[in-house]
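Q: For reference, the file query-v7.txt (compact mmCIF, C-alpha atoms) is included below:
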```txt
# COMPACT_ATOMS: atom_id res chain seq x y z
CA MET A 2 -6.06 2.65 -83.55
CA HIS A 3 -5.49 6.34 -82.94
CA PHE A 4 -8.48 8.64 -82.80
CA LEU A 5 -8.59 11.65 -85.12
CA ASP A 6 -11.72 13.71 -85.53
CA GLN A 7 -10.60 16.30 -88.09
CA ALA A 8 -8.38 16.32 -91.15
CA LYS A 9 -7.64 18.56 -94.10
CA ILE A 10 -7.59 16.96 -97.54
CA PHE A 11 -7.31 17.98 -101.19
CA VAL A 12 -9.87 16.66 -103.68
CA ARG A 13 -10.00 17.04 -107.45
CA SER A 14 -12.46 15.60 -109.93
CA GLY A 15 -11.41 14.35 -113.34
CA GLY A 16 -11.34 16.60 -116.38
CA GLY A 17 -13.27 15.73 -119.52
CA GLY A 18 -11.48 13.95 -122.34
CA PRO A 19 -10.87 15.77 -125.64
CA GLY A 20 -13.01 15.17 -128.68
CA ALA A 21 -11.42 13.60 -131.77
CA VAL A 22 -10.78 15.07 -135.21
CA SER A 23 -11.21 12.21 -137.67
CA PHE A 24 -12.51 11.59 -141.21
CA ARG A 25 -13.93 8.41 -142.64
CA ARG A 26 -11.67 7.00 -145.31
CA GLU A 27 -12.59 3.62 -146.79
CA LYS A 28 -11.93 2.08 -150.16
CA PHE A 29 -14.85 2.21 -152.57
CA MET A 30 -16.69 4.65 -150.28
CA GLU A 31 -17.30 7.75 -152.35
CA TYR A 32 -18.39 9.94 -149.47
CA GLY A 33 -16.53 10.00 -146.18
CA GLY A 34 -16.97 12.92 -143.86
CA PRO A 35 -16.09 13.69 -140.25
CA ASP A 36 -16.47 10.88 -137.73
CA GLY A 37 -14.58 12.05 -134.65
CA GLY A 38 -16.22 10.94 -131.42
CA ASN A 39 -16.76 12.92 -128.20
CA GLY A 40 -14.46 12.68 -125.22
CA GLY A 41 -15.40 10.83 -122.05
CA LYS A 42 -16.61 12.43 -118.81
CA GLY A 43 -14.17 12.80 -115.94
CA GLY A 44 -14.67 10.96 -112.66
CA ASP A 45 -16.67 12.48 -109.79
CA ILE A 46 -15.49 12.91 -106.22
CA ILE A 47 -18.05 11.17 -103.99
CA PHE A 48 -18.17 11.00 -100.20
CA GLU A 49 -19.87 7.93 -98.74
CA ALA A 50 -20.68 7.22 -95.08
CA VAL A 51 -19.93 3.62 -94.12
CA ALA A 52 -20.26 1.50 -91.00
CA GLY A 53 -17.23 0.23 -89.11
CA LEU A 54 -15.28 3.49 -89.02
CA ASN A 55 -15.09 5.86 -86.07
CA THR A 56 -11.93 7.85 -86.79
CA LEU A 57 -10.37 9.92 -89.56
CA ILE A 58 -6.84 8.72 -88.80
CA ASP A 59 -6.31 7.33 -92.32
CA PHE A 60 -6.66 10.81 -93.78
CA ARG A 61 -3.55 11.87 -91.90
CA TYR A 62 -1.48 9.69 -94.23
CA THR A 63 -3.52 10.03 -97.44
CA GLN A 64 -4.40 13.67 -98.03
CA HIS A 65 -4.69 14.03 -101.82
CA PHE A 66 -7.53 12.47 -103.80
CA ARG A 67 -7.72 12.87 -107.58
CA ALA A 68 -10.30 11.22 -109.80
CA PRO A 69 -9.12 10.07 -113.26
CA ARG A 70 -9.92 12.17 -116.29
CA GLY A 71 -12.01 10.99 -119.22
CA HIS A 72 -10.43 9.38 -122.25
CA GLY A 73 -10.32 11.08 -125.62
CA GLY A 74 -12.74 10.25 -128.41
CA SER A 75 -11.65 8.43 -131.56
CA GLY A 76 -12.70 7.79 -135.15
CA ALA A 77 -15.79 5.93 -136.29
CA ASN A 78 -17.82 8.13 -133.90
CA ARG A 79 -16.45 6.31 -130.87
CA THR A 80 -16.89 8.15 -127.58
CA GLY A 81 -14.01 8.00 -125.14
CA GLY A 82 -14.34 6.07 -121.92
CA GLY A 83 -15.36 7.97 -118.81
CA GLY A 84 -13.09 8.27 -115.81
CA ASP A 85 -14.02 6.14 -112.79
CA ASP A 86 -15.65 7.95 -109.88
CA LEU A 87 -13.48 8.23 -106.77
CA VAL A 88 -15.48 7.23 -103.69
CA ILE A 89 -14.02 8.47 -100.40
CA LYS A 90 -15.40 6.42 -97.50
CA VAL A 91 -15.80 8.29 -94.22
CA PRO A 92 -17.33 7.46 -90.82
CA VAL A 93 -20.99 8.15 -90.21
CA GLY A 94 -21.30 11.63 -88.70
CA THR A 95 -18.59 13.21 -90.86
CA GLN A 96 -19.02 16.81 -91.97
CA VAL A 97 -17.30 18.32 -95.02
CA LEU A 98 -16.33 21.93 -94.34
CA ALA A 99 -14.96 24.62 -96.64
CA ASP A 100 -11.43 25.84 -96.07
CA ASP A 101 -12.49 29.36 -95.15
CA ASP A 102 -12.59 31.40 -91.98
CA GLU A 103 -16.20 30.45 -91.25
CA ARG A 104 -15.69 26.73 -91.99
CA THR A 105 -18.86 26.70 -94.08
CA LEU A 106 -20.72 23.39 -93.94
CA LEU A 107 -20.78 21.78 -97.39
CA ALA A 108 -22.03 18.27 -96.63
CA ASP A 109 -23.16 16.30 -93.60
CA LEU A 110 -23.21 12.51 -93.77
CA THR A 111 -25.38 11.16 -90.96
CA LYS A 112 -26.68 7.83 -92.31
CA ILE A 113 -24.99 4.61 -93.31
CA GLY A 114 -24.78 4.40 -97.10
CA GLN A 115 -25.41 8.11 -97.66
CA ARG A 116 -23.51 9.34 -100.73
CA VAL A 117 -22.81 12.92 -101.76
CA VAL A 118 -21.40 13.88 -105.15
CA PHE A 119 -19.08 16.59 -103.93
CA LEU A 120 -17.18 17.51 -107.12
CA ARG A 121 -18.52 16.65 -110.55
CA GLY A 122 -16.14 15.53 -113.25
CA GLY A 123 -15.84 17.62 -116.39
CA ASP A 124 -17.86 16.68 -119.47
CA GLY A 125 -16.01 15.38 -122.48
CA GLY A 126 -15.20 17.64 -125.41
CA ARG A 127 -17.10 17.42 -128.68
CA GLY A 128 -15.63 15.53 -131.61
CA ASN A 129 -15.51 17.12 -135.06
CA ALA A 130 -18.50 15.03 -136.20
CA SER A 131 -20.75 17.09 -133.94
CA TYR A 132 -19.63 20.30 -135.69
CA LYS A 133 -20.78 19.15 -139.14
CA THR A 134 -23.41 21.39 -140.76
CA SER A 135 -24.79 21.90 -144.25
CA THR A 136 -22.26 24.65 -144.81
CA ASN A 137 -19.37 23.14 -142.87
CA ARG A 138 -18.96 19.67 -144.32
CA ALA A 139 -15.42 19.02 -143.11
CA PRO A 140 -14.98 20.67 -139.72
CA ARG A 141 -11.63 20.35 -138.05
CA GLN A 142 -12.48 21.93 -134.72
CA HIS A 143 -13.05 19.89 -131.58
CA GLY A 144 -13.64 20.45 -127.86
CA THR A 145 -10.80 19.92 -125.42
CA GLY A 146 -13.09 18.81 -122.58
CA TRP A 147 -14.45 20.67 -119.60
CA PRO A 148 -11.96 21.24 -116.80
CA TYR A 149 -11.89 19.50 -113.44
CA GLU A 150 -12.98 20.97 -110.10
CA GLU A 151 -10.68 21.03 -107.08
CA ALA A 152 -10.77 22.19 -103.48
CA TRP A 153 -9.13 21.93 -100.09
CA VAL A 154 -11.71 20.84 -97.51
CA TRP A 155 -11.83 19.96 -93.84
CA LEU A 156 -13.36 16.72 -92.63
CA ARG A 157 -14.76 16.86 -89.11
CA LEU A 158 -16.19 13.86 -87.34
CA LYS A 159 -19.06 14.29 -84.90
CA LEU A 160 -19.82 10.92 -83.40
CA LEU A 161 -23.42 9.78 -83.51
CA ALA A 162 -24.63 8.84 -80.03
CA ASP A 163 -27.99 8.88 -78.28
CA ALA A 164 -26.62 9.98 -74.91
CA GLY A 165 -23.49 11.84 -73.86
CA LEU A 166 -21.56 11.82 -70.59
CA VAL A 167 -20.27 15.14 -69.23
CA GLY A 168 -18.58 16.16 -66.02
CA LEU A 169 -15.35 17.28 -64.44
CA PRO A 170 -12.24 15.09 -64.68
CA ASN A 171 -12.43 12.08 -62.34
CA ALA A 172 -16.21 12.33 -62.10
CA GLY A 173 -16.41 8.63 -62.94
CA LYS A 174 -17.52 8.85 -66.59
CA SER A 175 -15.16 6.14 -67.81
CA THR A 176 -16.11 3.85 -64.94
CA PHE A 177 -19.78 4.36 -65.75
CA ILE A 178 -19.42 3.57 -69.46
CA ASN A 179 -17.35 0.48 -68.62
CA GLN A 180 -20.11 -0.62 -66.24
CA VAL A 181 -22.98 -0.33 -68.73
CA THR A 182 -21.23 -1.23 -72.01
CA ASN A 183 -18.41 -3.38 -73.34
CA ALA A 184 -16.19 -0.33 -73.75
CA GLN A 185 -12.75 -0.56 -72.21
CA ALA A 186 -12.14 3.06 -71.32
CA LYS A 187 -9.02 3.81 -69.33
CA VAL A 188 -9.63 4.44 -65.64
CA GLY A 189 -7.02 6.03 -63.36
CA ALA A 190 -6.67 7.96 -60.13
CA TYR A 191 -5.60 11.13 -61.88
CA ALA A 192 -7.22 13.78 -64.06
CA PHE A 193 -7.70 13.42 -67.83
CA THR A 194 -7.37 9.67 -68.08
CA THR A 195 -9.76 10.02 -71.04
CA LEU A 196 -8.05 11.91 -73.85
CA ARG A 197 -10.37 10.96 -76.70
CA PRO A 198 -14.08 10.18 -77.03
CA GLN A 199 -15.29 6.67 -76.30
CA LEU A 200 -18.42 5.01 -77.66
CA GLY A 201 -20.33 2.16 -76.10
CA VAL A 202 -23.60 0.37 -76.81
CA VAL A 203 -25.94 -0.05 -73.84
CA ARG A 204 -28.38 -2.96 -73.80
CA HIS A 205 -31.09 -2.34 -71.23
CA LYS A 206 -34.62 -3.72 -71.00
CA GLN A 207 -34.54 -5.27 -74.46
CA ARG A 208 -33.45 -2.00 -76.04
CA GLU A 209 -30.12 -0.55 -76.99
CA PHE A 210 -28.65 2.90 -77.41
CA VAL A 211 -25.22 4.45 -77.89
CA VAL A 212 -23.41 6.39 -75.16
CA ALA A 213 -20.48 8.74 -75.80
CA ASP A 214 -17.87 9.54 -73.16
CA ILE A 215 -15.77 12.65 -73.76
CA PRO A 216 -12.76 14.06 -71.88
CA GLY A 217 -13.57 15.96 -68.71
CA LEU A 218 -14.16 19.71 -68.68
CA ILE A 219 -12.50 22.13 -66.30
CA GLU A 220 -13.04 25.80 -65.71
CA GLY A 221 -11.70 27.76 -68.68
CA ALA A 222 -12.01 24.86 -71.14
CA ALA A 223 -13.54 27.25 -73.69
CA GLU A 224 -10.23 29.17 -73.61
CA GLY A 225 -8.18 26.01 -74.03
CA ALA A 226 -7.65 24.95 -70.41
CA GLY A 227 -7.14 21.22 -69.92
CA VAL A 228 -7.92 19.48 -73.20
CA GLY A 229 -10.22 22.36 -74.21
CA ASP A 230 -13.80 21.98 -75.35
CA ARG A 231 -13.23 20.75 -78.91
CA PHE A 232 -14.53 17.29 -78.06
CA LEU A 233 -17.92 18.75 -77.15
CA GLY A 234 -18.73 18.54 -80.85
CA HIS A 235 -19.18 14.80 -80.37
CA ILE A 236 -22.21 15.28 -78.13
CA GLU A 237 -23.94 17.91 -80.28
CA ARG A 238 -26.09 15.20 -81.86
CA CYS A 239 -27.02 13.52 -78.56
CA GLN A 240 -30.64 13.61 -77.45
CA VAL A 241 -29.82 13.66 -73.74
CA LEU A 242 -26.80 14.37 -71.53
CA LEU A 243 -25.92 12.50 -68.35
CA HIS A 244 -24.09 14.93 -66.07
CA LEU A 245 -22.00 13.06 -63.50
CA VAL A 246 -20.89 14.89 -60.34
CA ASP A 247 -18.29 13.39 -58.01
CA ALA A 248 -19.77 13.05 -54.53
CA ASN A 249 -16.27 13.52 -53.07
CA ASP A 250 -15.90 17.06 -54.46
CA LYS A 251 -15.68 19.84 -51.89
CA ASP A 252 -18.64 21.66 -53.41
CA VAL A 253 -20.87 19.52 -55.64
CA ALA A 254 -23.00 22.53 -56.62
CA GLU A 255 -19.92 24.43 -57.82
CA SER A 256 -18.76 21.36 -59.76
CA TYR A 257 -22.12 21.29 -61.49
CA ARG A 258 -21.99 25.02 -62.33
CA ILE A 259 -18.48 24.82 -63.80
CA VAL A 260 -19.50 22.24 -66.37
CA ARG A 261 -22.76 24.02 -67.19
CA ASP A 262 -20.87 27.29 -67.75
CA GLU A 263 -18.48 25.58 -70.17
CA LEU A 264 -21.40 24.05 -72.08
CA GLU A 265 -22.98 27.49 -72.33
CA ASN A 266 -19.72 29.06 -73.53
CA TYR A 267 -19.42 26.38 -76.22
CA GLY A 268 -22.97 26.97 -77.50
CA ALA A 269 -24.39 24.75 -80.26
CA GLY A 270 -27.55 24.26 -78.19
CA LEU A 271 -25.93 21.99 -75.59
CA THR A 272 -27.57 23.81 -72.69
CA ASP A 273 -30.98 23.30 -74.33
CA LYS A 274 -30.68 19.52 -74.30
CA ARG A 275 -32.36 17.45 -71.64
CA VAL A 276 -29.93 16.77 -68.80
CA ILE A 277 -30.02 13.99 -66.21
CA VAL A 278 -27.91 14.79 -63.16
CA ALA A 279 -26.32 11.95 -61.21
CA LEU A 280 -24.34 12.09 -57.96
CA ASN A 281 -21.61 9.50 -58.54
CA LYS A 282 -19.35 7.50 -56.18
CA ILE A 283 -21.93 7.22 -53.40
CA ASP A 284 -20.41 3.90 -52.34
CA THR A 285 -17.89 5.94 -50.32
CA LEU A 286 -20.54 7.86 -48.32
CA ASP A 287 -23.22 7.13 -45.74
CA ASP A 288 -26.94 7.61 -46.38
CA GLU A 289 -27.19 10.87 -44.45
CA LEU A 290 -24.39 12.53 -46.42
CA ILE A 291 -25.78 11.21 -49.72
CA ALA A 292 -29.15 12.81 -48.95
CA ALA A 293 -27.53 16.13 -48.01
CA LEU A 294 -25.36 16.28 -51.14
CA SER A 295 -28.28 15.26 -53.36
CA ALA A 296 -30.41 18.07 -51.90
CA GLU A 297 -27.60 20.56 -52.48
CA LEU A 298 -27.20 19.40 -56.06
CA GLU A 299 -30.95 19.47 -56.70
CA GLU A 300 -31.05 23.09 -55.59
CA ALA A 301 -28.22 23.98 -58.00
CA SER A 302 -29.60 22.05 -60.97
CA GLY A 303 -33.30 22.67 -60.37
CA GLY A 304 -34.18 19.06 -61.08
CA GLU A 305 -34.06 15.51 -59.77
CA VAL A 306 -30.68 14.04 -58.84
CA ILE A 307 -29.98 10.32 -59.12
CA PRO A 308 -27.44 8.91 -56.61
CA ILE A 309 -25.36 6.21 -58.28
CA SER A 310 -22.10 4.34 -58.02
CA GLY A 311 -20.53 3.50 -61.35
CA ALA A 312 -18.05 1.15 -59.67
CA SER A 313 -20.54 -0.96 -57.68
CA GLY A 314 -23.53 -0.54 -59.98
CA VAL A 315 -25.82 0.98 -57.35
CA GLY A 316 -28.43 3.20 -59.01
CA VAL A 317 -27.09 2.55 -62.50
CA ASP A 318 -30.31 0.88 -63.69
CA TRP A 319 -32.24 3.89 -62.45
CA ALA A 320 -30.04 6.19 -64.52
CA LEU A 321 -30.42 3.96 -67.58
CA ASP A 322 -34.20 4.03 -67.17
CA LYS A 323 -34.09 7.83 -67.23
CA LEU A 324 -31.87 7.82 -70.32
CA LEU A 325 -34.23 5.46 -72.16
CA GLU A 326 -37.17 7.64 -71.23
CA ALA A 327 -35.42 10.72 -72.61
CA ILE A 328 -34.28 9.00 -75.80
CA GLY A 329 -37.78 7.73 -76.49
CA ALA A 330 -38.91 5.18 -79.02
CA GLU A 331 -35.91 5.71 -81.30
CA ALA A 332 -33.75 3.40 -79.19
CA GLY A 333 -33.61 0.10 -81.04
CA ALA A 334 -35.03 -3.14 -79.76
CA VAL A 335 -32.55 -5.94 -79.08
CA SER A 336 -33.16 -9.39 -80.51
CA ASP A 337 -31.29 -12.58 -79.73
CA ASP A 338 -29.91 -12.62 -83.27
CA ASP A 339 -28.13 -9.31 -82.65
CA GLU A 340 -25.79 -10.78 -80.07
CA GLY A 341 -22.25 -11.52 -81.16
CA GLY A 342 -22.43 -10.00 -84.63
CA ASP A 343 -19.09 -9.25 -86.27
CA ALA A 344 -18.45 -5.67 -87.35
CA ILE A 345 -17.54 -5.07 -90.98
CA GLU A 346 -14.18 -3.41 -91.45
CA TRP A 347 -13.82 -0.71 -94.09
CA SER A 348 -11.01 1.34 -95.53
CA PRO A 349 -11.54 5.07 -96.17
CA VAL A 350 -10.59 4.80 -99.86
```
Just give me the structure as structure tokens.
A:
Amino acid sequence: MHFLDQAKIFVRSGGGGPGAVSFRREKFMEYGGPDGGNGGKGGDIIFEAVAGLNTLIDFRYTQHFRAPRGHGGSGANRTGGGGDDLVIKVPVGTQVLADDDERTLLADLTKIGQRVVFLRGGDGGRGNASYKTSTNRAPRQHGTGWPYEEAWVWLRLKLLADAGLVGLPNAGKSTFINQVTNAQAKVGAYAFTTLRPQLGVVRHKQREFVVADIPGLIEGAAEGAGVGDRFLGHIERCQVLLHLVDANDKDVAESYRIVRDELENYGAGLTDKRVIVALNKIDTLDDELIAALSAELEEASGGEVIPISGASGVGVDWALDKLLEAIGAEAGAVSDDDEGGDAIEWSPV
């Protein structure tokens, strides 16, 4: 399945049905009178966050969503049927943005089952029976129904994860997430092997949390260098960041500063999040060099540095302990019944 984290769609609610113009005419009934019923309400456009989706790829092929309009009223004071609501199912973490220069946030769906009535269907028009008064016994006017609402909107997906992995290309982020989760991220001996975000669930010390791996950042990513910094939106909701630095870089302190500068240029409070710094790929170095590089990195970051090897697993438990500590009590407990559960598949419409 291809990954797509933004899409532009057209949505339109249903218009209200027209009211009826009708008069009661029955044999042996001396008095008739107007009996036209009201029209039915048009369908609403509703966004619903569901489990089992982590991409907006389906909205590349289906871009127009129109709810049905209400049915017209009829005689005998019968109200027309209402149009069915159109429920658009989106992944958890989807934002609905206006199609303007500022991309104004209109809705943010962050919980499974959350529903937002985005466009309300038009009310049905009044039938001629509702216009009857003491001085207007046989009205022939009726309402045509309230019009629909329509809009072009942007859908943007920001993955929900507890921890995010950041670093330069080839810092070992994909290897790390493959080591601690069941994710099967691509690993290669060249830059930008990760071209889209990856999610994985970590189970550690009877608790679990979600880790997000995003494509590597290089200097100038804010200006579009490499794959740019657009994927940083997927770690905006993370509680903690794990910053991996390749121990084989010529200058580990400079590698750290490059990524921090790009996070600062992106904004959105990423530099205010708690950061755990890890010196990765220590399996290729001796103890003396590991200590020297760790000290250099600690001076640049101003905090503790954890030496790890994502490939061999050395120090990984230490890093996971730090992540759990930063995430806090919100990380869920793992029970035996949770193992092997099948995910429920959903369609976006």
Q: Residues within 10 Å of (-8.6, 22.0, -130.5), file coordinates, counting only C-alpha atoms: what are they? Give the list as a ChimeraX atom specification.
A: /A:19-22,126-129,141-146
Q: What does the distance between CA of Gln115 (chain A) and CA of Phe232 (chain A) come to in Å, to one decimal place?
A: 24.2 Å
Q: In Å, with one decimal, what is the gap from CA of Lys133 (chain A) to CA of Gly34 (chain A)?
A: 8.7 Å
Q: Measuring between all atoms listed in the file, which one of A:Gly17, A:Gly84, A:Pro140, A:Gly168 shows the shortest distance to Pro216 (chain A)?
A: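 Selected residue with least distance to Pro216 (chain A): A:Gly168.
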Q: With distances taken over only C-alpha atoms, which of A:Gly114, A:Leu5, A:Arg238, A:Asp262 is nearest to Tyr62 (chain A)?
A: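 With only C-alpha atoms as the atom set, the closest residue is A:Leu5.
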Q: Choose the residue, out of A:Ala162, A:Val306, A:Ala269, A:Leu324, that has the smallest atom-to-atom separation from Arg208 (chain A); count only C-alpha atoms.
A: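 Using only C-alpha atoms, the shortest distance to Arg208 (chain A) belongs to A:Leu324.
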Q: Which distance in Å separates CA of Leu325 (chain A) and CA of Asp109 (chain A), to one decimal?
A: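 Spanning CA of Leu325 (chain A) to CA of Asp109 (chain A) is a straight-line distance of 26.5 Å.
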Q: Name the closest residue to Ala293 (chain A) among the candidates A:Leu218, A:Ala77, A:Pro308, A:Asp322; distances are taken between atoms, counting all atoms listed in the file.
A: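 So, comparing all the options, the nearest one is A:Pro308.
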Q: Using all atoms listed in the file, which residue out of A:Phe210, A:Phe48, A:Gly303, A:Phe177 lies closest to Val315 (chain A)?
A: A:Phe177
Q: For a quick check of understanding, using all atoms listed in the file, which of A:Asp250, A:Met30, A:Asp100, A:Cys239 has the smallest distance to Asp273 (chain A)?
A: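 With all atoms listed in the file as the atom set, the closest residue is A:Cys239.
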Q: Find the residues near Asp45 (chain A): any atom within 8 Å, counting all atoms listed in the file, skip ones fewer than 6 places away on the same chain, and give them as a VMD selection string.
A: chain A and resid 14 to 15 68 85 to 87 118 to 122
Q: Grab all the atoms of region 103-113 of chain A that the file lists, wrap them in a box along x, y and z, add 5 Å per side, and give me centre plus edge lengths in Å (one decimal) as lines of an AutoDock Vina configuration file.
A:
```
center_x = -21.2
center_y = 17.5
center_z = -94.2
size_x = 21.0
size_y = 35.8
size_z = 16.4
```
